[in-house]
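One file, work_6.csv, is given below (CSV, C-alpha atoms and all ligand atoms).
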```csv
chain,number,residue,atom,x,y,z
A,1,MET,CA,0.0,0.0,0.0
A,2,PRO,CA,1.4,3.4,-0.9
A,3,ASN,CA,1.8,6.1,1.8
A,4,LEU,CA,-0.5,8.8,0.7
A,5,ASN,CA,0.0,12.5,0.7
A,6,GLU,CA,-2.0,13.0,3.9
A,7,ASN,CA,-1.8,16.8,3.4
A,8,TYR,CA,-5.0,16.3,1.5
A,9,LEU,CA,-6.7,15.5,4.8
A,10,LYS,CA,-5.9,19.0,5.9
A,11,LEU,CA,-7.7,20.7,3.0
A,12,GLN,CA,-10.9,22.4,3.9
A,13,GLU,CA,-13.8,20.8,2.2
A,14,ASN,CA,-14.3,22.9,-0.9
A,15,TYR,CA,-18.0,23.0,-0.7
A,16,LEU,CA,-18.7,26.5,-1.8
A,17,PHE,CA,-20.0,26.1,-5.3
A,18,SER,CA,-21.3,22.6,-4.7
A,19,GLU,CA,-23.3,23.9,-1.7
A,20,ILE,CA,-24.6,26.8,-3.8
A,21,ALA,CA,-25.6,24.4,-6.6
A,22,HIS,CA,-27.3,22.1,-4.0
A,23,ARG,CA,-29.3,24.9,-2.4
A,24,VAL,CA,-30.4,26.3,-5.7
A,25,ALA,CA,-31.4,22.9,-7.0
A,26,ALA,CA,-33.4,22.2,-3.9
A,27,TYR,CA,-35.2,25.5,-4.2
A,28,THR,CA,-36.0,25.2,-8.0
A,29,LYS,CA,-37.3,21.7,-7.4
A,30,GLN,CA,-39.8,23.1,-4.9
A,31,HIS,CA,-40.5,26.2,-7.0
A,32,PRO,CA,-40.2,25.2,-10.6
A,33,GLU,CA,-42.2,28.3,-11.7
A,34,LYS,CA,-39.7,30.8,-10.3
A,35,ASN,CA,-37.2,32.6,-12.5
A,36,VAL,CA,-33.9,32.2,-10.7
A,37,ILE,CA,-31.1,34.7,-11.7
A,38,ARG,CA,-27.5,33.6,-11.1
A,39,LEU,CA,-25.0,36.4,-10.3
A,40,GLY,CA,-22.8,34.0,-8.3
A,41,ILE,CA,-20.3,32.1,-10.2
A,42,GLY,CA,-17.1,33.7,-11.6
A,43,ASP,CA,-17.7,32.6,-15.1
A,44,VAL,CA,-18.2,34.8,-18.1
A,45,THR,CA,-21.2,34.8,-20.5
A,46,ARG,CA,-20.1,36.8,-23.5
A,47,PRO,CA,-18.8,34.5,-26.3
A,48,LEU,CA,-15.3,34.7,-27.8
A,49,CYS,CA,-14.6,37.8,-29.8
A,50,GLN,CA,-14.9,37.5,-33.6
A,51,CYS,CA,-11.2,37.5,-34.4
A,52,ALA,CA,-10.4,34.9,-31.7
A,53,GLY,CA,-13.1,32.6,-32.9
A,54,GLU,CA,-11.9,32.9,-36.5
A,55,ALA,CA,-8.3,32.2,-35.5
A,56,LEU,CA,-9.5,29.1,-33.7
A,57,LEU,CA,-11.2,27.9,-36.9
A,58,GLU,CA,-8.2,28.7,-39.0
A,59,GLY,CA,-6.0,26.9,-36.6
A,60,ALA,CA,-8.2,23.8,-36.8
A,61,LYS,CA,-8.0,23.9,-40.6
A,62,GLU,CA,-4.2,24.1,-40.5
A,63,MET,CA,-4.2,21.0,-38.3
A,64,MET,CA,-6.2,19.1,-40.9
A,65,SER,CA,-3.6,19.5,-43.6
A,66,ALA,CA,-0.2,17.7,-43.7
A,67,ASP,CA,1.8,20.8,-44.8
A,68,THR,CA,0.4,23.1,-42.1
A,69,PHE,CA,-0.1,20.5,-39.4
A,70,LYS,CA,1.6,21.2,-36.0
A,71,GLY,CA,2.8,18.6,-33.5
A,72,TYR,CA,4.4,19.4,-30.2
A,73,GLY,CA,5.2,23.0,-29.9
A,74,PRO,CA,7.7,24.8,-27.7
A,75,GLU,CA,6.7,24.2,-24.0
A,76,GLN,CA,7.0,28.0,-23.3
A,77,GLY,CA,4.7,28.9,-26.1
A,78,TYR,CA,5.2,30.0,-29.7
A,79,GLU,CA,7.4,33.0,-30.5
A,80,ASP,CA,4.5,35.1,-31.9
A,81,ILE,CA,2.3,35.0,-28.9
A,82,ARG,CA,5.2,35.5,-26.5
A,83,LYS,CA,6.0,38.6,-28.6
A,84,ALA,CA,2.4,39.7,-28.7
A,85,ILE,CA,2.3,39.5,-24.9
A,86,VAL,CA,5.4,41.7,-24.7
A,87,ASP,CA,3.7,44.2,-27.0
A,88,TYR,CA,0.6,44.1,-24.9
A,89,TYR,CA,2.6,45.1,-21.8
A,90,LYS,CA,4.4,47.8,-23.8
A,91,ARG,CA,1.0,49.5,-24.5
A,92,SER,CA,0.7,50.2,-20.8
A,93,GLY,CA,4.3,51.3,-20.6
A,94,VAL,CA,5.7,48.1,-19.1
A,95,GLU,CA,8.8,46.5,-20.6
A,96,ILE,CA,9.3,42.8,-20.2
A,97,ASP,CA,11.5,40.3,-22.1
A,98,ALA,CA,9.9,37.6,-24.3
A,99,SER,CA,12.2,35.0,-22.5
A,100,ALA,CA,10.3,35.8,-19.3
A,101,VAL,CA,6.9,34.8,-20.8
A,102,PHE,CA,5.5,31.3,-20.4
A,103,VAL,CA,2.2,30.6,-22.1
A,104,SER,CA,0.0,28.1,-20.3
A,105,ASP,CA,-3.5,26.6,-20.1
A,106,GLY,CA,-4.5,29.2,-17.5
A,107,ALA,CA,-3.6,31.0,-14.4
A,108,LYS,CA,-5.1,28.4,-12.1
A,109,SER,CA,-2.6,25.7,-13.0
A,110,ASP,CA,0.3,28.1,-12.9
A,111,THR,CA,-0.6,29.7,-9.5
A,112,GLY,CA,-1.1,26.1,-8.2
A,113,ASN,CA,2.1,24.7,-9.8
A,114,ILE,CA,4.4,27.5,-8.8
A,115,THR,CA,4.8,25.8,-5.3
A,116,ASP,CA,7.2,23.3,-7.2
A,117,LEU,CA,9.9,26.0,-7.2
A,118,PHE,CA,10.0,26.5,-3.4
A,119,ALA,CA,11.0,24.5,-0.3
A,120,HIS,CA,8.4,23.8,2.4
A,121,ASP,CA,9.7,25.9,5.2
A,122,ASN,CA,9.0,29.4,3.9
A,123,VAL,CA,7.0,32.0,5.6
A,124,ILE,CA,4.1,32.4,3.1
A,125,LEU,CA,1.7,35.3,3.4
A,126,ILE,CA,-1.7,34.9,1.8
A,127,PRO,CA,-4.4,37.6,2.0
A,128,THR,CA,-7.9,36.8,3.1
A,129,PRO,CA,-10.4,36.9,1.7
A,130,VAL,CA,-9.0,35.6,-1.6
A,131,TYR,CA,-9.1,33.1,-4.5
A,132,PRO,CA,-8.9,29.7,-2.6
A,133,VAL,CA,-6.3,28.2,-4.9
A,134,TYR,CA,-3.4,29.8,-3.2
A,135,VAL,CA,-4.1,28.3,0.2
A,136,ASP,CA,-5.1,24.9,-1.1
A,137,SER,CA,-2.1,24.4,-3.3
A,138,ASN,CA,0.2,25.2,-0.4
A,139,VAL,CA,-1.7,23.0,2.0
A,140,MET,CA,-1.5,20.1,-0.5
A,141,CYS,CA,2.3,20.2,-0.4
A,142,GLY,CA,2.5,20.5,3.3
A,143,ASN,CA,3.2,24.2,3.5
A,144,LYS,CA,2.0,26.4,6.4
A,145,VAL,CA,0.5,29.7,5.5
A,146,GLU,CA,0.0,32.9,7.4
A,147,TYR,CA,-2.9,35.2,6.6
A,148,ILE,CA,-2.8,38.9,5.9
A,149,GLU,CA,-6.1,40.4,6.9
A,150,GLY,CA,-8.3,42.3,4.4
A,151,ASN,CA,-11.2,44.0,6.1
A,152,ALA,CA,-13.3,47.2,6.1
A,153,ASP,CA,-10.6,49.0,8.0
A,154,ASN,CA,-8.1,48.7,5.2
A,155,ASP,CA,-10.6,48.7,2.4
A,156,PHE,CA,-9.7,45.0,1.8
A,157,LEU,CA,-6.2,46.1,0.8
A,158,PRO,CA,-3.9,44.7,3.5
A,159,MET,CA,-0.4,46.4,3.7
A,160,PRO,CA,2.8,44.8,4.8
A,161,ASP,CA,3.7,44.6,8.5
A,162,TRP,CA,7.3,45.6,8.4
A,163,ASP,CA,8.1,43.9,11.7
A,164,GLN,CA,7.1,40.5,10.3
A,165,HIS,CA,9.4,38.5,8.0
A,166,ALA,CA,8.1,36.8,4.8
A,167,ASP,CA,9.6,34.7,2.0
A,168,ILE,CA,6.6,34.4,-0.3
A,169,ILE,CA,3.7,36.8,-0.7
A,170,TYR,CA,0.6,36.3,-2.7
A,171,ILE,CA,-1.2,39.3,-4.1
A,172,CYS,CA,-4.3,39.4,-6.2
A,173,SER,CA,-5.2,42.8,-7.6
A,174,PRO,CA,-7.9,43.6,-8.7
A,175,ASN,CA,-8.9,41.1,-6.1
A,176,ASN,CA,-11.2,38.1,-6.3
A,177,PRO,CA,-13.6,38.3,-4.5
A,178,THR,CA,-13.5,41.8,-3.1
A,179,GLY,CA,-12.8,43.7,-6.4
A,180,ALA,CA,-10.3,45.9,-4.4
A,181,CYS,CA,-7.4,47.2,-6.5
A,182,TYR,CA,-4.0,48.4,-5.2
A,183,ASN,CA,-2.7,51.7,-6.4
A,184,LYS,CA,0.9,52.2,-7.4
A,185,SER,CA,2.2,53.5,-4.1
A,186,GLN,CA,0.6,50.7,-2.2
A,187,LEU,CA,2.1,48.1,-4.6
A,188,LYS,CA,5.4,49.9,-4.3
A,189,GLU,CA,5.3,49.4,-0.6
A,190,TRP,CA,4.8,45.6,-1.1
A,191,VAL,CA,7.7,45.6,-3.6
A,192,ASP,CA,9.9,47.5,-1.2
A,193,TYR,CA,8.9,45.1,1.6
A,194,ALA,CA,9.7,42.1,-0.6
A,195,LEU,CA,13.1,43.4,-1.6
A,196,LYS,CA,14.0,44.1,2.0
A,197,ASN,CA,13.0,40.6,3.0
A,198,GLN,CA,14.4,39.0,-0.2
A,199,ALA,CA,10.9,37.6,-0.7
A,200,VAL,CA,9.1,36.7,-3.8
A,201,ILE,CA,5.7,38.2,-4.6
A,202,LEU,CA,3.3,36.0,-6.6
A,203,PHE,CA,1.1,38.5,-8.3
A,204,ASP,CA,-2.2,37.4,-9.8
A,205,ALA,CA,-3.3,39.9,-12.5
A,206,ALA,CA,-6.2,37.8,-13.8
A,207,TYR,CA,-8.4,40.9,-13.7
A,208,GLU,CA,-5.9,43.5,-15.1
A,209,ALA,CA,-8.0,44.2,-18.1
A,210,PHE,CA,-10.9,45.5,-15.9
A,211,VAL,CA,-8.7,48.3,-14.7
A,212,SER,CA,-9.9,51.5,-16.4
A,213,ASP,CA,-7.9,54.1,-14.6
A,214,PRO,CA,-4.6,54.6,-16.3
A,215,GLU,CA,-3.1,55.6,-13.0
A,216,LEU,CA,-3.7,52.2,-11.5
A,217,PRO,CA,-1.1,49.5,-12.2
A,218,ARG,CA,-2.3,46.6,-14.3
A,219,SER,CA,1.0,44.8,-13.8
A,220,ILE,CA,3.3,44.7,-10.8
A,221,TYR,CA,6.1,45.5,-13.2
A,222,ALA,CA,4.7,49.0,-13.5
A,223,VAL,CA,6.4,49.3,-10.1
A,224,GLU,CA,10.2,49.9,-10.0
A,225,GLY,CA,12.1,47.0,-8.5
A,226,ALA,CA,9.3,44.4,-9.1
A,227,LYS,CA,11.4,42.4,-11.6
A,228,GLN,CA,13.8,41.6,-8.8
A,229,CYS,CA,11.0,40.2,-6.6
A,230,ALA,CA,7.9,39.3,-8.5
A,231,ILE,CA,6.3,36.6,-10.7
A,232,GLU,CA,3.1,37.6,-12.4
A,233,PHE,CA,0.3,35.4,-13.5
A,234,CYS,CA,-2.3,36.4,-16.0
A,235,SER,CA,-5.2,34.8,-17.9
A,236,LEU,CA,-7.3,35.3,-20.9
A,237,SER,CA,-10.3,33.8,-19.1
A,238,LYS,CA,-12.0,36.9,-17.9
A,239,THR,CA,-10.4,39.3,-20.3
A,240,ALA,CA,-11.3,37.5,-23.5
A,241,GLY,CA,-13.9,34.8,-22.5
A,242,PHE,CA,-11.3,32.0,-22.5
A,243,THR,CA,-12.7,30.2,-19.4
A,244,GLY,CA,-13.6,27.2,-21.6
A,245,THR,CA,-10.9,27.7,-24.3
A,246,ARG,CA,-8.0,27.8,-21.7
A,247,CYS,CA,-5.1,30.1,-22.0
A,248,GLY,CA,-3.0,32.1,-19.6
A,249,TYR,CA,0.6,33.2,-19.1
A,250,THR,CA,3.2,33.6,-16.4
A,251,ILE,CA,6.0,36.1,-16.4
A,252,VAL,CA,9.2,35.0,-14.6
A,253,PRO,CA,11.8,37.7,-15.0
A,254,GLN,CA,15.4,36.8,-15.6
A,255,GLU,CA,16.3,39.1,-12.7
A,256,LEU,CA,14.9,36.6,-10.2
A,257,VAL,CA,18.0,34.9,-9.0
A,258,PHE,CA,18.6,33.7,-5.5
A,259,THR,CA,21.4,32.0,-3.7
A,260,ALA,CA,21.0,28.3,-2.7
A,261,SER,CA,22.0,26.9,0.6
A,262,ALA,CA,25.4,25.8,-0.7
A,263,GLY,CA,26.0,29.1,-2.5
A,264,GLU,CA,24.9,28.3,-6.0
A,265,GLU,CA,22.9,30.9,-7.9
A,266,MET,CA,19.5,29.7,-8.8
A,267,SER,CA,17.3,31.4,-11.4
A,268,LEU,CA,13.5,31.1,-11.0
A,269,ASN,CA,13.1,31.6,-14.8
A,270,ALA,CA,15.4,28.6,-15.4
A,271,MET,CA,13.6,26.6,-12.8
A,272,TRP,CA,10.2,27.4,-14.1
A,273,ASN,CA,11.4,26.6,-17.6
A,274,ARG,CA,12.7,23.2,-16.4
A,275,ARG,CA,9.5,22.6,-14.5
A,276,GLN,CA,7.3,23.3,-17.5
A,277,CYS,CA,9.5,21.3,-19.9
A,278,THR,CA,9.3,18.4,-17.5
A,279,LYS,CA,5.6,18.4,-16.6
A,280,TYR,CA,3.9,20.4,-19.4
A,281,ASN,CA,3.9,19.9,-23.1
A,282,GLY,CA,2.8,23.3,-24.2
A,283,THR,CA,-0.6,25.0,-24.8
A,284,SER,CA,-2.6,23.8,-27.8
A,285,TYR,CA,-1.5,25.4,-31.1
A,286,ILE,CA,-5.1,26.3,-32.0
A,287,VAL,CA,-5.6,28.0,-28.6
A,288,GLN,CA,-2.4,30.0,-28.9
A,289,LYS,CA,-3.4,31.1,-32.3
A,290,ALA,CA,-6.7,32.4,-30.9
A,291,ALA,CA,-4.8,34.0,-28.0
A,292,ALA,CA,-2.5,35.8,-30.3
A,293,ALA,CA,-5.5,37.2,-32.1
A,294,VAL,CA,-6.8,38.5,-28.8
A,295,PHE,CA,-3.6,40.6,-28.4
A,296,SER,CA,-3.9,42.1,-31.9
A,297,GLU,CA,-5.2,45.6,-32.3
A,298,GLU,CA,-8.5,44.3,-33.4
A,299,GLY,CA,-8.7,41.7,-30.7
A,300,ILE,CA,-8.0,44.2,-27.9
A,301,HIS,CA,-10.7,46.4,-29.3
A,302,GLN,CA,-13.3,43.6,-29.6
A,303,CYS,CA,-12.5,42.4,-26.1
A,304,GLN,CA,-13.0,45.9,-24.8
A,305,GLU,CA,-16.6,45.7,-26.0
A,306,ASN,CA,-17.2,42.7,-23.8
A,307,LEU,CA,-15.5,44.3,-20.9
A,308,GLU,CA,-17.7,47.4,-21.4
A,309,TYR,CA,-20.7,45.2,-21.3
A,310,TYR,CA,-19.7,43.8,-17.9
A,311,ARG,CA,-18.8,47.3,-16.7
A,312,GLU,CA,-22.3,48.4,-17.4
A,313,ASN,CA,-23.6,45.5,-15.4
A,314,ALA,CA,-21.3,46.4,-12.6
A,315,ARG,CA,-22.7,49.9,-12.7
A,316,VAL,CA,-26.3,48.6,-12.4
A,317,ILE,CA,-25.2,46.6,-9.3
A,318,THR,CA,-23.2,49.4,-7.6
A,319,ASP,CA,-25.9,52.1,-8.4
A,320,THR,CA,-28.4,49.9,-6.6
A,321,LEU,CA,-26.2,49.4,-3.6
A,322,SER,CA,-25.4,53.1,-3.5
A,323,ASP,CA,-29.2,53.9,-3.5
A,324,LEU,CA,-29.7,51.6,-0.7
A,325,GLY,CA,-26.8,53.0,1.3
A,326,ILE,CA,-24.9,49.7,1.3
A,327,ARG,CA,-21.2,50.2,1.4
A,328,PHE,CA,-19.4,48.2,-1.3
A,329,TYR,CA,-16.0,47.4,-2.6
A,330,GLY,CA,-14.9,46.7,-6.2
A,331,GLY,CA,-17.3,46.9,-9.2
A,332,VAL,CA,-15.2,49.7,-10.8
A,333,HIS,CA,-11.9,48.0,-11.8
A,334,SER,CA,-13.4,44.6,-11.3
A,335,PRO,CA,-16.3,42.4,-12.4
A,336,TYR,CA,-16.9,41.7,-8.7
A,337,VAL,CA,-19.0,43.7,-6.2
A,338,TRP,CA,-18.4,42.9,-2.6
A,339,PHE,CA,-20.5,44.2,0.3
A,340,GLU,CA,-21.4,43.7,3.9
A,341,CYS,CA,-24.6,41.6,4.2
A,342,PRO,CA,-27.5,43.9,5.2
A,343,LYS,CA,-29.6,43.4,8.4
A,344,ASP,CA,-26.7,41.9,10.3
A,345,MET,CA,-27.0,38.6,8.4
A,346,ASP,CA,-24.1,36.2,7.9
A,347,SER,CA,-23.3,35.4,4.3
A,348,TRP,CA,-25.1,32.0,4.1
A,349,THR,CA,-28.2,33.4,5.8
A,350,PHE,CA,-28.2,36.3,3.3
A,351,PHE,CA,-27.7,33.8,0.5
A,352,ASP,CA,-30.8,31.9,1.5
A,353,TYR,CA,-32.7,35.2,2.0
A,354,LEU,CA,-32.0,36.4,-1.6
A,355,LEU,CA,-32.7,33.0,-3.1
A,356,HIS,CA,-36.0,32.5,-1.3
A,357,GLU,CA,-37.3,36.1,-1.4
A,358,ILE,CA,-36.2,37.3,-4.8
A,359,GLN,CA,-34.6,34.2,-6.5
A,360,VAL,CA,-31.2,35.9,-6.9
A,361,VAL,CA,-28.1,33.7,-6.5
A,362,GLY,CA,-24.9,35.3,-5.3
A,363,THR,CA,-21.8,34.0,-3.6
A,364,PRO,CA,-21.5,33.9,0.2
A,365,GLY,CA,-18.3,35.6,1.4
A,366,ALA,CA,-17.6,32.7,3.8
A,367,GLY,CA,-16.4,30.7,0.8
A,368,PHE,CA,-13.3,33.0,0.6
A,369,GLY,CA,-12.1,32.8,4.1
A,370,GLU,CA,-12.8,33.9,7.7
A,371,ASN,CA,-13.0,37.6,6.9
A,372,GLY,CA,-15.7,37.0,4.3
A,373,LYS,CA,-18.3,35.6,6.7
A,374,ARG,CA,-20.4,38.7,6.8
A,375,TYR,CA,-19.9,39.7,3.2
A,376,PHE,CA,-21.4,38.8,-0.1
A,377,ARG,CA,-20.2,38.8,-3.7
A,378,LEU,CA,-22.2,39.6,-6.8
A,379,THR,CA,-20.7,39.4,-10.3
A,380,SER,CA,-21.2,41.5,-13.4
A,381,PHE,CA,-20.7,38.4,-15.6
A,382,GLY,CA,-24.5,37.9,-16.1
A,383,THR,CA,-26.5,39.2,-19.0
A,384,TYR,CA,-27.6,42.9,-18.8
A,385,GLU,CA,-31.3,42.0,-18.7
A,386,ASN,CA,-30.8,39.6,-15.9
A,387,THR,CA,-28.6,42.0,-14.0
A,388,VAL,CA,-31.2,44.8,-14.2
A,389,GLU,CA,-34.0,42.4,-13.2
A,390,ALA,CA,-32.0,41.0,-10.3
A,391,MET,CA,-31.2,44.5,-9.0
A,392,THR,CA,-34.7,45.7,-9.4
A,393,ARG,CA,-35.9,42.8,-7.2
A,394,PHE,CA,-33.0,43.5,-4.8
A,395,GLN,CA,-33.9,47.1,-4.4
A,396,ASP,CA,-37.6,46.3,-3.8
A,397,LEU,CA,-36.7,43.7,-1.2
A,398,LEU,CA,-34.3,45.8,0.8
A,399,GLU,CA,-36.2,49.1,0.6
A,400,THR,CA,-39.6,47.8,1.7
A,401,LYS,CA,-38.6,45.4,4.4
B,1,LIG,C1,-10.6,33.2,-12.7
B,1,LIG,C2,-9.3,33.4,-12.0
B,1,LIG,C3,-8.1,33.0,-12.5
B,1,LIG,C4,-8.1,32.4,-13.9
B,1,LIG,O1,-7.9,31.1,-13.9
B,1,LIG,P1,-7.8,30.4,-15.3
B,1,LIG,O2,-7.2,29.1,-15.0
B,1,LIG,O3,-6.9,31.2,-16.2
B,1,LIG,O4,-9.2,30.3,-15.9
B,1,LIG,C5,-6.9,33.2,-11.8
B,1,LIG,N1,-6.9,33.9,-10.7
B,1,LIG,C6,-8.0,34.4,-10.2
B,1,LIG,C7,-7.9,35.2,-8.9
B,1,LIG,C8,-9.3,34.1,-10.8
B,1,LIG,O5,-10.4,34.6,-10.2
```
Representation of the structure as structure tokens:
Amino acid sequence: MPNLNENYLKLQENYLFSEIAHRVAAYTKQHPEKNVIRLGIGDVTRPLCQCAGEALLEGAKEMMSADTFKGYGPEQGYEDIRKAIVDYYKRSGVEIDASAVFVSDGAKSDTGNITDLFAHDNVILIPTPVYPVYVDSNVMCGNKVEYIEGNADNDFLPMPDWDQHADIIYICSPNNPTGACYNKSQLKEWVDYALKNQAVILFDAAYEAFVSDPELPRSIYAVEGAKQCAIEFCSLSKTAGFTGTRCGYTIVPQELVFTASAGEEMSLNAMWNRRQCTKYNGTSYIVQKAAAAVFSEEGIHQCQENLEYYRENARVITDTLSDLGIRFYGGVHSPYVWFECPKDMDSWTFFDYLLHEIQVVGTPGAGFGENGKRYFRLTSFGTYENTVEAMTRFQDLLETK
């Protein structure tokens, strides 16, 4: 019998979305006539933009002909798309080197797999509330994590405690689930703190495309010194509707070199390259072709139309909350709106209240950590019509009762 990785026993039961599905199914079974509106799950609804869809079809055709067929590609991604990503960063004034870009099947795999590069005795800081993958992937390999608290006092943007040492720091900005987005001087403080501690920041920029204020950093590399201390993860999932098509990328700058215990220099770029070449055989050619189209002038423009659609939905949600005097976070540079549950309810009670009274499904903040227990997340990823209908019901419910 094998000895198993018993760290899996330490994982918190990931019951959030299954519990939501279960409660919604039970309700619809009892009330089949009710029109339930889902503003809960973090999945997009707009289809692929035209040029990405066409590139997919074209790629498929190339695969069907012997003279254009592609087999295994480079593990790091094809040159064109790595270059297209470099150009995409350049548009917002950030210089990165193509050799730092690793194309992947999404940011979830990369944020989970990055633990392969580190030993198991690091001081790892993870904000709460946050995307649960960071904690779970560390627990799975036996790492201990420490939490940095996001709460109403710091607008869900925790800052470093300079008296505390750290080796690895996770940051997600704009944040899932709170929608909170660090400004440049706040990120600069994290970079300075990481440099002082010789720590590595693992920066998840999955929602960078939702940032509409040019003063706010969309990449951690907009901050001086970040290439000496940060790895950045990004994804086409929310930006370009790739949740089902699967493509993301990770930037590991050549500057990230640390000294091993016996004095050797170790490059994180070389290690990630080795890790990917060993355990990953590259992103599908067809998908990379579609992704490259997303980064074309036309693709960026077409994706902006979808982002604008979601922004309008977010405005519908935030306008309603403002009218009701409910304080919220996010919703401006993020598809997520995060707010304290009204009437002193905890997040699951409020979930049931919305489901039963107005048939609107959101996400209880408890699913994102201790600090989310009295908060609730709504997403702008629904259709416009459903969002308007849901928020009309929401306003009626919370005004009259
Ligand atoms: C959705 C999301 C991702 C994207 O994951 P993919 O695997 O690229 O679909 C990454 N990080 C956060 C915080 C997310 O919410």
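Take CA of Leu268 (chain A) and CA of Gly225 (chain A): the distance between them is 16.2 Å.
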Give me the residues near Tyr72 (chain A) as a ChimeraX atom specification, where near means some atom within 10 Å (using all atoms listed in the file) and where sequence neighbours in that chain fewer than 5 positions away do not count.
/A:281-285
Restricting it to C-alpha atoms, dump the selection as a PDB file, in the coordinates of the input.
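Generated file (again08.pdb):
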```pdb
ATOM      1  CA  ASN A 281       3.900  19.900 -23.100  1.00  0.00           C
ATOM      2  CA  GLY A 282       2.800  23.300 -24.200  1.00  0.00           C
ATOM      3  CA  THR A 283      -0.600  25.000 -24.800  1.00  0.00           C
ATOM      4  CA  SER A 284      -2.600  23.800 -27.800  1.00  0.00           C
ATOM      5  CA  TYR A 285      -1.500  25.400 -31.100  1.00  0.00           C
TER       6      TYR A 285
END
```
**Request:** Could you please determine the separation between CA of Gly372 (chain A) and CA of Ser347 (chain A) in Å, to one decimal place?
**Result:**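 Spanning CA of Gly372 (chain A) to CA of Ser347 (chain A) is a straight-line distance of 7.8 Å.
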Quick one: what's the axis-aligned box for region 374-392 of chain A, all listed atoms, 6 Å on every side, centre and edges in Å to one decimal, as JSON?
```
{"center_x": -27.3, "center_y": 41.8, "center_z": -6.1, "size_x": 26.8, "size_y": 19.8, "size_z": 37.8}
```
- Task: All residues within 7 Å of ligand LIG 1 (chain B) are required, counting only C-alpha atoms and all ligand atoms; please report them as a PyMOL selection string.
- Result: chain A and resi 42+105-109+131+172+175-176+204+206+234-238+243+246-248
The residue from A:Val191, A:Ala222, A:Glu357, A:Tyr309 with the smallest atom-to-atom distance to Ala390 (chain A), counting all atoms listed in the file, is A:Glu357
Q. Which residue out of A:Lys184, A:Lys227, A:Lys34, A:Lys61 has the minimum interatomic distance to Ala100 (chain A) when all atoms listed in the file are used?
A.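 Between A:Lys184, A:Lys227, A:Lys34, A:Lys61, the residue approaching Ala100 (chain A) most closely is A:Lys227.
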- Task: Compile the contact shell of Ser380 (chain A) as a PyMOL selection string: residues with an atom at most 8 Å away, counting all atoms listed in the file, same-chain residues fewer than 4 positions apart removed.
- Result: chain A and resi 39+310-311+313-314+317+331+335-337+387
Take CA of Ala270 (chain A) and CA of Leu256 (chain A) and report the distance between them in Å, one decimal.
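Result for CA of Ala270 (chain A) versus CA of Leu256 (chain A): 9.6 Å, one decimal.
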